[in-house]
$ cat upload.txt   # compact mmCIF, C-alpha atoms (C1' of nucleotides)
# COMPACT_ATOMS: atom_id res chain seq x y z
CA MET A 1 120.26 88.84 47.77
CA PRO A 2 117.41 91.28 48.00
CA GLU A 3 115.79 91.52 51.41
CA LEU A 4 113.66 94.39 52.67
CA PRO A 5 116.33 97.16 52.49
CA GLU A 6 117.27 96.25 48.93
CA VAL A 7 113.65 95.98 47.80
CA GLU A 8 112.86 99.33 49.41
CA THR A 9 115.79 100.88 47.54
CA VAL A 10 114.36 99.49 44.32
CA ARG A 11 110.91 100.86 45.18
CA ARG A 12 112.34 104.33 45.74
CA GLY A 13 114.09 104.17 42.40
CA LEU A 14 110.86 103.15 40.68
CA GLN A 15 108.99 105.89 42.52
CA GLU A 16 111.42 108.44 41.10
CA ARG A 17 111.75 107.07 37.60
CA VAL A 18 108.49 105.37 36.70
CA VAL A 19 105.57 107.02 38.54
CA GLY A 20 103.67 109.26 36.16
CA ARG A 21 104.84 107.36 33.10
CA THR A 22 102.47 105.58 30.75
CA ILE A 23 103.43 102.10 29.58
CA THR A 24 103.32 102.12 25.80
CA ALA A 25 104.44 98.54 25.20
CA VAL A 26 105.26 95.39 27.15
CA ALA A 27 107.35 92.39 26.10
CA VAL A 28 107.88 89.27 28.18
CA THR A 29 111.11 87.65 27.00
CA HIS A 30 111.13 84.67 29.37
CA PRO A 31 107.93 82.79 30.25
CA ARG A 32 109.15 81.86 33.73
CA ALA A 33 108.99 85.51 34.76
CA VAL A 34 105.17 85.38 34.43
CA ARG A 35 104.67 81.83 35.70
CA ARG A 36 102.25 83.10 38.37
CA GLN A 37 100.03 84.71 35.73
CA ALA A 38 97.19 82.31 34.98
CA GLY A 39 96.87 83.64 31.44
CA GLY A 40 100.60 83.73 30.84
CA ALA A 41 102.55 86.40 29.01
CA ALA A 42 99.63 87.34 26.78
CA GLN A 43 97.45 88.22 29.75
CA PHE A 44 100.24 90.10 31.50
CA GLU A 45 101.05 92.17 28.45
CA ALA A 46 97.42 92.90 27.67
CA GLU A 47 96.57 94.04 31.19
CA VAL A 48 99.61 96.25 31.71
CA ALA A 49 100.00 97.88 28.31
CA GLY A 50 98.47 101.35 28.10
CA ALA A 51 98.25 101.90 31.85
CA THR A 52 99.78 104.85 33.66
CA VAL A 53 101.80 104.18 36.83
CA THR A 54 100.30 106.19 39.66
CA ALA A 55 102.18 105.00 42.76
CA THR A 56 104.52 102.41 44.21
CA GLY A 57 104.01 100.10 47.16
CA ARG A 58 105.88 97.48 49.13
CA ARG A 59 105.33 94.94 51.87
CA GLY A 60 108.30 92.86 53.00
CA LYS A 61 110.11 91.79 49.86
CA TYR A 62 107.11 92.26 47.55
CA LEU A 63 106.73 95.51 45.63
CA TRP A 64 104.10 96.82 43.26
CA LEU A 65 103.10 99.58 40.88
CA THR A 66 99.54 100.83 40.97
CA LEU A 67 98.04 101.50 37.56
CA SER A 68 95.40 103.97 36.44
CA GLY A 69 92.76 103.01 33.94
CA THR A 70 92.54 99.49 35.33
CA ASP A 71 91.72 97.67 38.55
CA ARG A 72 94.93 95.68 38.22
CA VAL A 73 98.22 96.15 40.04
CA LEU A 74 101.67 95.19 38.77
CA VAL A 75 103.30 93.10 41.50
CA ALA A 76 106.93 91.99 41.46
CA HIS A 77 109.18 89.80 43.56
CA LEU A 78 112.94 89.93 42.96
CA GLY A 79 113.60 86.40 44.18
CA MET A 80 117.32 85.79 44.47
CA SER A 81 118.70 87.89 41.67
CA GLY A 82 115.96 90.12 40.26
CA GLN A 83 116.74 93.68 39.24
CA PHE A 84 114.86 96.59 37.78
CA ARG A 85 116.67 99.08 35.61
CA VAL A 86 115.53 102.17 33.80
CA GLN A 87 117.42 102.88 30.61
CA ASP A 88 117.24 106.22 28.90
CA GLU A 89 117.74 104.59 25.54
CA ALA A 90 115.03 102.42 24.10
CA ALA A 91 117.64 99.94 22.90
CA GLY A 92 120.99 98.78 24.20
CA ASP A 93 120.35 95.55 26.05
CA ASP A 94 119.51 93.32 23.11
CA ASP A 95 122.37 91.01 23.94
CA ASP A 96 121.62 90.87 27.68
CA PRO A 97 120.65 87.24 28.31
CA HIS A 98 119.05 87.96 31.69
CA VAL A 99 116.38 90.39 30.60
CA ARG A 100 112.97 88.83 31.34
CA VAL A 101 110.52 91.71 30.77
CA ARG A 102 110.75 95.08 29.01
CA TRP A 103 108.33 97.98 29.39
CA SER A 104 108.51 100.90 26.98
CA LEU A 105 107.57 104.17 28.68
CA ASP A 106 106.09 107.28 27.14
CA ASP A 107 109.17 109.43 27.78
CA GLY A 108 111.29 107.17 25.58
CA SER A 109 112.89 105.29 28.44
CA THR A 110 112.73 101.54 28.99
CA LEU A 111 112.06 99.72 32.24
CA VAL A 112 113.77 96.33 32.34
CA PHE A 113 113.36 93.37 34.68
CA ARG A 114 116.54 91.26 34.76
CA ASP A 115 116.88 88.02 36.69
CA GLN A 116 119.72 85.56 36.35
CA ARG A 117 118.38 82.77 38.55
CA THR A 118 114.73 83.26 37.58
CA PHE A 119 113.30 83.00 41.09
CA GLY A 120 111.75 86.41 40.62
CA TRP A 121 108.44 87.12 38.94
CA VAL A 122 106.01 89.80 37.86
CA LEU A 123 102.23 89.58 37.94
CA SER A 124 99.22 91.59 36.87
CA ASP A 125 97.17 91.12 40.03
CA GLY A 126 93.94 92.18 41.72
CA TRP A 127 93.53 93.90 45.07
CA ALA A 128 92.86 92.29 48.44
CA GLY A 129 92.19 95.36 50.56
CA GLU A 130 95.35 97.30 51.26
CA VAL A 131 97.71 94.97 49.39
CA PRO A 132 97.54 92.94 46.18
CA ASP A 133 96.03 89.44 46.28
CA SER A 134 99.43 87.79 45.93
CA VAL A 135 100.69 89.64 49.02
CA SER A 136 97.74 89.06 51.30
CA HIS A 137 99.41 86.13 53.12
CA ILE A 138 102.48 88.21 54.00
CA ALA A 139 102.75 89.80 57.44
CA ARG A 140 103.43 93.51 57.89
CA ASP A 141 107.09 94.49 57.93
CA PRO A 142 108.71 96.64 60.64
CA PHE A 143 108.59 99.74 58.43
CA ASP A 144 104.82 99.49 58.06
CA PRO A 145 103.16 102.25 60.14
CA ARG A 146 100.65 99.69 61.34
CA PHE A 147 103.27 97.11 62.34
CA ASP A 148 102.65 96.20 65.98
CA PRO A 149 105.63 94.61 67.75
CA ALA A 150 103.48 93.51 70.69
CA THR A 151 101.03 91.59 68.50
CA THR A 152 103.88 90.14 66.45
CA GLY A 153 105.71 89.16 69.61
CA ARG A 154 102.68 87.33 70.99
CA ALA A 155 102.36 85.35 67.76
CA ILE A 156 106.05 84.43 67.85
CA ARG A 157 105.70 83.22 71.42
CA ARG A 158 102.93 80.85 70.36
CA SER A 159 105.20 79.03 67.90
CA ARG A 160 107.32 76.02 68.77
CA SER A 161 109.60 76.67 65.77
CA GLY A 162 113.11 78.01 66.10
CA ILE A 163 113.41 81.78 66.07
CA LYS A 164 115.32 81.86 62.80
CA ARG A 165 112.64 79.84 61.02
CA ILE A 166 110.09 82.23 62.48
CA LEU A 167 111.97 85.27 61.20
CA LEU A 168 112.27 83.75 57.72
CA ALA A 169 108.64 82.61 57.47
CA GLN A 170 107.27 86.04 56.37
CA THR A 171 104.03 85.25 58.21
CA TYR A 172 105.00 86.78 61.57
CA VAL A 173 107.10 89.69 60.34
CA SER A 174 108.14 90.17 56.72
CA GLY A 175 111.21 91.45 54.94
CA VAL A 176 113.85 89.45 56.80
CA GLY A 177 115.99 87.01 54.78
CA ASN A 178 118.98 84.86 55.63
CA ILE A 179 121.47 87.72 55.96
CA TYR A 180 119.44 89.98 58.23
CA ALA A 181 118.12 87.06 60.24
CA ASP A 182 121.69 86.11 61.11
CA GLU A 183 122.52 89.74 61.87
CA ALA A 184 119.45 90.27 64.04
CA LEU A 185 120.10 87.10 66.02
CA TRP A 186 123.74 88.08 66.51
CA ARG A 187 122.69 91.50 67.78
CA ALA A 188 120.14 89.97 70.12
CA GLY A 189 122.53 87.23 71.28
CA LEU A 190 120.06 84.50 70.37
CA HIS A 191 120.69 81.03 68.98
CA PRO A 192 118.80 80.42 65.70
CA GLU A 193 117.15 77.25 67.02
CA HIS A 194 115.78 78.88 70.18
CA PRO A 195 112.04 78.04 70.12
CA GLY A 196 109.68 80.99 69.98
CA ASP A 197 107.54 79.66 72.79
CA ARG A 198 110.56 79.47 75.07
CA LEU A 199 111.49 83.12 74.70
CA ARG A 200 110.53 85.78 77.19
CA SER A 201 108.50 88.66 75.84
CA GLN A 202 111.39 91.05 76.35
CA ARG A 203 113.74 88.84 74.32
CA VAL A 204 111.27 88.67 71.44
CA GLY A 205 111.06 92.45 71.56
CA GLN A 206 114.84 92.64 71.42
CA VAL A 207 115.16 90.47 68.35
CA LEU A 208 112.42 92.36 66.52
CA ALA A 209 114.12 95.65 67.39
CA ALA A 210 117.45 94.23 66.23
CA ALA A 211 115.96 93.18 62.90
CA THR A 212 114.47 96.64 62.48
CA ASP A 213 117.72 98.36 63.39
CA VAL A 214 119.93 96.32 61.09
CA MET A 215 117.55 96.78 58.15
CA THR A 216 117.37 100.51 58.86
CA ALA A 217 121.17 100.72 58.75
CA ALA A 218 121.30 98.68 55.55
CA LEU A 219 118.70 100.90 53.94
CA ALA A 220 120.72 103.96 54.84
CA ALA A 221 123.82 102.38 53.30
CA GLY A 222 121.86 101.49 50.16
CA GLY A 223 120.61 105.00 49.94
CA THR A 224 124.10 106.46 49.88
CA SER A 225 125.14 104.19 47.02
CA PHE A 226 121.98 104.87 45.04
CA ASP A 227 122.67 105.77 41.42
CA PRO A 228 119.88 108.04 40.20
CA LEU A 229 120.57 107.15 36.59
CA TYR A 230 119.33 103.65 37.23
CA VAL A 231 116.95 102.05 39.60
CA ALA A 232 119.67 100.92 41.88
CA VAL A 233 119.68 97.50 41.98
CA ASN A 234 122.21 94.90 42.12
CA GLY A 235 120.71 91.97 43.98
CA GLU A 236 124.14 90.54 44.62
CA SER A 237 125.85 93.79 45.47
CA GLY A 238 127.92 93.86 48.60
CA TRP A 239 127.44 97.42 49.68
CA PHE A 240 126.43 96.44 53.21
CA ASP A 241 129.16 93.83 53.61
CA ARG A 242 131.41 95.93 55.77
CA GLN A 243 128.74 96.33 58.41
CA LEU A 244 127.90 92.63 58.73
CA GLU A 245 128.84 91.06 62.06
CA ALA A 246 127.86 87.42 61.48
CA TYR A 247 126.78 86.60 57.92
CA GLY A 248 129.70 85.34 55.83
CA ARG A 249 132.20 85.92 58.66
CA GLN A 250 132.86 82.28 59.58
CA GLY A 251 136.30 81.93 61.15
CA GLN A 252 136.59 85.65 61.85
CA PRO A 253 136.39 87.02 65.40
CA CYS A 254 133.05 88.04 66.86
CA GLY A 255 132.96 91.83 67.11
CA ARG A 256 131.71 91.53 70.68
CA CYS A 257 133.70 88.74 72.32
CA GLY A 258 136.37 87.67 69.82
CA ALA A 259 135.29 84.04 69.50
CA PRO A 260 135.44 82.82 65.87
CA ILE A 261 132.09 83.01 64.08
CA VAL A 262 130.84 79.58 63.01
CA ARG A 263 128.86 78.57 59.94
CA GLU A 264 126.34 75.77 60.31
CA GLN A 265 123.88 73.99 58.04
CA PHE A 266 120.33 75.19 58.47
CA THR A 267 117.53 73.73 56.31
CA ASN A 268 119.99 73.26 53.42
CA ARG A 269 121.13 76.84 53.92
CA SER A 270 123.93 78.40 55.89
CA SER A 271 123.61 80.01 59.26
CA HIS A 272 126.25 82.12 60.99
CA ARG A 273 126.56 82.79 64.70
CA CYS A 274 128.94 83.49 67.53
CA PRO A 275 129.38 80.26 69.52
CA ARG A 276 129.88 82.22 72.73
CA CYS A 277 127.30 85.03 72.45
CA GLN A 278 124.61 82.81 70.89
CA ARG A 279 124.51 79.64 72.98
CA PRO A 280 122.16 76.77 72.14
CA PRO A 281 118.98 76.64 74.20
CA ARG A 282 118.52 73.83 76.67
CA SER A 283 116.68 70.98 74.99
CA ARG A 284 112.97 70.90 75.52
CA PRO A 285 111.87 68.44 78.20
CA ARG A 286 109.84 65.60 76.79
CA SER A 287 106.22 65.55 77.78
CA GLY A 288 104.54 62.32 78.80
C1' DA B 1 96.33 72.84 61.81
C1' DT B 2 101.12 73.01 62.24
C1' DG B 3 105.63 72.47 60.90
C1' DA B 4 109.22 71.00 58.01
C1' DA B 5 111.19 69.22 53.73
C1' DT B 6 111.48 69.84 48.80
C1' DA B 7 111.47 71.85 44.04
C1' DC B 8 112.57 75.49 41.36
C1' DC B 9 117.08 77.83 38.78
C1' DT B 10 121.86 79.27 36.83
C1' DG B 11 126.49 81.14 37.12
C1' DA B 12 130.71 81.22 39.79
C1' DG B 13 134.25 78.78 41.65
C1' DA B 14 136.78 74.62 43.12
C1' DG B 15 138.94 70.42 42.12
C1' DC B 16 140.86 67.32 38.92
C1' DT C 1 141.13 73.28 28.55
C1' DG C 2 137.08 71.32 29.98
C1' DC C 3 134.57 68.43 32.78
C1' DT C 4 131.94 67.58 37.15
C1' DC C 5 130.56 68.99 41.46
C1' DT C 6 129.08 72.26 45.07
C1' DC C 7 127.07 76.37 46.57
C1' DA C 8 124.03 80.53 46.91
C1' DG C 9 118.62 81.00 48.88
C1' DG C 10 112.95 83.04 48.76
C1' DT C 11 108.89 80.97 48.51
C1' DA C 12 105.11 77.94 46.59
C1' DT C 13 104.14 73.46 47.04
C1' DT C 14 104.11 68.99 49.00
C1' DC C 15 104.42 65.90 52.68
C1' DA C 16 104.15 64.20 57.54
$ encode --input "upload.txt" --output "structure tokens"
Amino acid sequence: MPELPEVETVRRGLQERVVGRTITAVAVTHPRAVRRQAGGAAQFEAEVAGATVTATGRRGKYLWLTLSGTDRVLVAHLGMSGQFRVQDEAAGDDDDPHVRVRWSLDDGSTLVFRDQRTFGWVLSDGWAGEVPDSVSHIARDPFDPRFDPATTGRAIRRSRSGIKRILLAQTYVSGVGNIYADEALWRAGLHPEHPGDRLRSQRVGQVLAAATDVMTAALAAGGTSFDPLYVAVNGESGWFDRQLEAYGRQGQPCGRCGAPIVREQFTNRSSHRCPRCQRPPRSRPRSG
DNA sequence: ATGAATACCTGAGAGC
DNA sequence: TGCTCTCAGGTATTCA
């Protein structure tokens, strides 16, 4: 599923293939893809058609295209299974049941948004300072030049939530999903339920650094498999699988100590950890 | 205000 | 073969 490294790979592909192009036509083929647009598909199509793409942007798992000739910005979230593709031919995907939006570009190519599980969306949005309105509630990610680990760490240490919930919330640090949360916690040797306010400052720094490191490595791996003919983008691709130490490795030996990795239920999701390297925290003493 | 549970969605795979 | 069931999970929304 697309987390920060995958979304950044998509952004780079769009930067290469779409910036400078003028959108000559837009067609929404599934209304759910524009469910966040107050005026629906008609508004989305009207506001995007005719604009020229001038730049790309990203924060966490949100990405956007800035448009000239309008004060709007085209924001996208890939959800679970969203993909962008650029096709040199104007036609060719007529029988693809997962295409949700098509943009015709002025060089004859077609930009396509595909999304099997329809958790993704696109939006013609306004600006809220440095990011679009729909992204204003999302914290900076570790690749943001203005990301401040010390400030982020202090916020984490004010929360009573478990560290994995904190990592997934997108309001402390953004870009981390279930896979990289498990990987970061494995690297830092932290149990997912360890409360933020019971972590020492140094430990919080370690887990933030681990999240940054694992996403940097994943981005590098994504870059090597990048196919310039398309905007590389298979949300379910397993190109980083071989480097995962915890996620999906239940029953296999921990790469550090050899104990079998366990999978546990976590908010109706799965969580993977080493039972020896990532011990549960002592329960919080009751007050009163 | 804070934190946590829930709804949303579809294809793959398992079990029978 | 075909049916039913489970599972995957990011985030907006709802609830406590």
$ residues_near_point --input "upload.txt" --point "(116.0, 82.4, 48.4)" --cutoff "12 Å" --atoms "only C-alpha atoms (C1' of nucleotides)" --output "CSV table (one decimal) with C-alpha atoms (C1' of nucleotides), keeping the file's coordinate frame"
chain,number,residue,atom,x,y,z
A,1,MET,CA,120.3,88.8,47.8
A,2,PRO,CA,117.4,91.3,48.0
A,3,GLU,CA,115.8,91.5,51.4
A,61,LYS,CA,110.1,91.8,49.9
A,77,HIS,CA,109.2,89.8,43.6
A,78,LEU,CA,112.9,89.9,43.0
A,79,GLY,CA,113.6,86.4,44.2
A,80,MET,CA,117.3,85.8,44.5
A,81,SER,CA,118.7,87.9,41.7
A,82,GLY,CA,116.0,90.1,40.3
A,117,ARG,CA,118.4,82.8,38.6
A,118,THR,CA,114.7,83.3,37.6
A,119,PHE,CA,113.3,83.0,41.1
A,120,GLY,CA,111.8,86.4,40.6
A,168,LEU,CA,112.3,83.8,57.7
A,169,ALA,CA,108.6,82.6,57.5
A,176,VAL,CA,113.8,89.4,56.8
A,177,GLY,CA,116.0,87.0,54.8
A,178,ASN,CA,119.0,84.9,55.6
A,179,ILE,CA,121.5,87.7,56.0
A,235,GLY,CA,120.7,92.0,44.0
A,267,THR,CA,117.5,73.7,56.3
A,268,ASN,CA,120.0,73.3,53.4
A,269,ARG,CA,121.1,76.8,53.9
A,270,SER,CA,123.9,78.4,55.9
B,8,DC,C1',112.6,75.5,41.4
B,9,DC,C1',117.1,77.8,38.8
C,8,DA,C1',124.0,80.5,46.9
C,9,DG,C1',118.6,81.0,48.9
C,10,DG,C1',113.0,83.0,48.8
C,11,DT,C1',108.9,81.0,48.5
C,12,DA,C1',105.1,77.9,46.6
$ interface_residues --input "upload.txt" --of "chain B" --to "chain A" --cutoff "9 Å" --atoms "all atoms listed in the file" --output "number ranges by chain"
B: 3-5, 8-11
$ atom_distance --input "upload.txt" --atom1 "C1' of DC16 (chain B)" --atom2 "CA of Arg263 (chain A)"
26.7 Å
$ axis_aligned_box --input "upload.txt" --around "region 6-14 of chain B" --padding-each-side "8 Å" --output "JSON"
{"center_x": 124.1, "center_y": 75.5, "center_z": 42.8, "size_x": 41.3, "size_y": 27.4, "size_z": 28.0}
$ residues_around --input "upload.txt" --residues "region 13-20 of chain A" --least-positions-apart "5" --cutoff "6 Å" --atoms "only C-alpha atoms (C1' of nucleotides)" --output "PyMOL selection string"
chain A and resi 53-56+231
$ atom_distance --input "upload.txt" --atom1 "CA of Gly108 (chain A)" --atom2 "CA of Val7 (chain A)"
25.0 Å
$ residues_around --input "upload.txt" --residues "Arg157 (chain A)" --least-positions-apart "6" --cutoff "8 Å" --atoms "only C-alpha atoms (C1' of nucleotides)" --output "mmCIF file with C-alpha atoms, in the frame of the given file"
data_model
loop_
_atom_site.group_PDB
_atom_site.id
_atom_site.type_symbol
_atom_site.label_atom_id
_atom_site.label_comp_id
_atom_site.auth_asym_id
_atom_site.auth_seq_id
_atom_site.Cartn_x
_atom_site.Cartn_y
_atom_site.Cartn_z
ATOM 1 C CA GLY A 196 109.680 80.990 69.980
ATOM 2 C CA ASP A 197 107.540 79.660 72.790
ATOM 3 C CA ARG A 198 110.560 79.470 75.070
ATOM 4 C CA LEU A 199 111.490 83.120 74.700
ATOM 5 C CA ARG A 200 110.530 85.780 77.190
ATOM 6 C CA SER A 201 108.500 88.660 75.840
ATOM 7 C CA VAL A 204 111.270 88.670 71.440
#
$ atom_distance --input "upload.txt" --atom1 "CA of Ile156 (chain A)" --atom2 "CA of Thr171 (chain A)"
9.9 Å
